[in-house]
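Please read the structure below before turning to the comments.
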Amino acid sequence: MEDTNEMKMEFDSYSSNESFARVAVAAFCTRLNPTLEELSDLKTAISEAITNCIIHAYDNQIRKIQIICRIKGQEVEVNIIDHGKGMEDVAKAMEPLYTTRPDLDRSGMGFAFMEAFMDEVQVESTPGEGTCVCMRKKLGCFTHPYA
């Protein structure tokens with residue numbers, strides 16, 4: 001039997017649900033015995049992806065955001081899915097400092113933060129249909145130097 005586990009959740013795109021999402025995923029991953037730094041990195045990346053859904057995909061309209069979280073071995077994969085306006089040019093959208101919402105003082109660093117805090121980030125998007133941000137990170141692999 002493979003060492004896998006999966007959870008799915010769906011919630012409204014209220015900004016107040018961003019903290020709920022990050023805590024839910026962090027709680028799901030606790031069986032991997034992550035360090036506090038690993039949990040902080042994971043939660044930051046999730047916050048950035050959820051905020052992108054709220055601000056960019058849905059233009060602050062209340063719609064659904066889905067999270068599918070899978071654990072396989074010591075790796076967690078988090079897919080954050082919206083059914084919003086999608087992106088014409090994913091590569092451009094992922095460039096640091098690029099933003100489509102300068103009117104909201106958005107820094108354009110969301111994807112850069114996701115890439116900095118996760119081991120892998122992939123983005124699939126179809127204009128008019130939505131976006132899936134897939135992030136992966138190995139957790140709980142830290143070995144104390146004095147152990």
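Going by the structure tokens order, chains are called A, B, ..., each with residues numbered from 1, while ligands are numbered from 1 in the order shown.
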Quick one: residues within 10 Å of A:Asn17, only C-alpha atoms counted, chain neighbours fewer than 5 positions away excluded, as number ranges by chain?
A: 11-12, 22-23, 47, 50-51, 65
Residues of stretch 13-79 of chain A at most 7 Å from stretch 117-129 of chain A: nearest atom pair and distance in Å, only C-alpha atoms, as JSON lines:
{"residue": "A:Asp41", "atom": "CA", "partner": "A:Phe117", "partner_atom": "CA", "distance": 5.0}
{"residue": "A:Leu42", "atom": "CA", "partner": "A:Phe117", "partner_atom": "CA", "distance": 6.7}
{"residue": "A:Ala45", "atom": "CA", "partner": "A:Phe117", "partner_atom": "CA", "distance": 6.3}
Just N, CA and C atoms for this one: save the residues we selected as a PDB file, in the first residue's frame.
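Produced file out_18.pdb, reproduced below:
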ATOM      1  N   ASP A  41       6.309  28.438   5.169  1.00  0.00           N
ATOM      2  CA  ASP A  41       6.485  28.530   3.716  1.00  0.00           C
ATOM      3  C   ASP A  41       5.235  28.060   2.979  1.00  0.00           C
ATOM      4  N   LEU A  42       4.703  26.916   3.397  1.00  0.00           N
ATOM      5  CA  LEU A  42       3.512  26.343   2.778  1.00  0.00           C
ATOM      6  C   LEU A  42       2.325  27.299   2.909  1.00  0.00           C
ATOM      7  N   ALA A  45       2.690  30.399   0.609  1.00  0.00           N
ATOM      8  CA  ALA A  45       2.415  30.084  -0.799  1.00  0.00           C
ATOM      9  C   ALA A  45       0.914  29.925  -1.038  1.00  0.00           C
TER      10      ALA A  45
END
Using DSSP on the backbone coordinates, identify the residues of stretch 1-144 of chain A assigned to helix (DSSP H, G or I); present them as number ranges by chain.
A: 17-32, 36-57, 90-93, 102-104, 110-117
Residues near A:Gly140, cut-off 9 Å, only C-alpha atoms, skip fewer than 5 positions along chain, as a CSV table (one decimal) with C-alpha atoms, in the first residue's frame:
chain,number,residue,atom,x,y,z
A,30,THR,CA,1.0,17.7,10.2
A,31,ARG,CA,1.4,13.9,9.9
A,32,LEU,CA,4.6,14.6,7.8
A,33,ASN,CA,6.1,16.3,10.9
A,34,PRO,CA,7.0,19.5,9.1
A,35,THR,CA,9.3,22.1,10.7
A,38,GLU,CA,8.2,24.5,6.3
A,74,GLN,CA,7.0,13.1,2.3
A,75,GLU,CA,5.8,15.3,-0.5
Point-to-point distance from atom CA of A:Thr4 to atom CA of A:Gly73, Å rounded to tenths:
6.4 Å
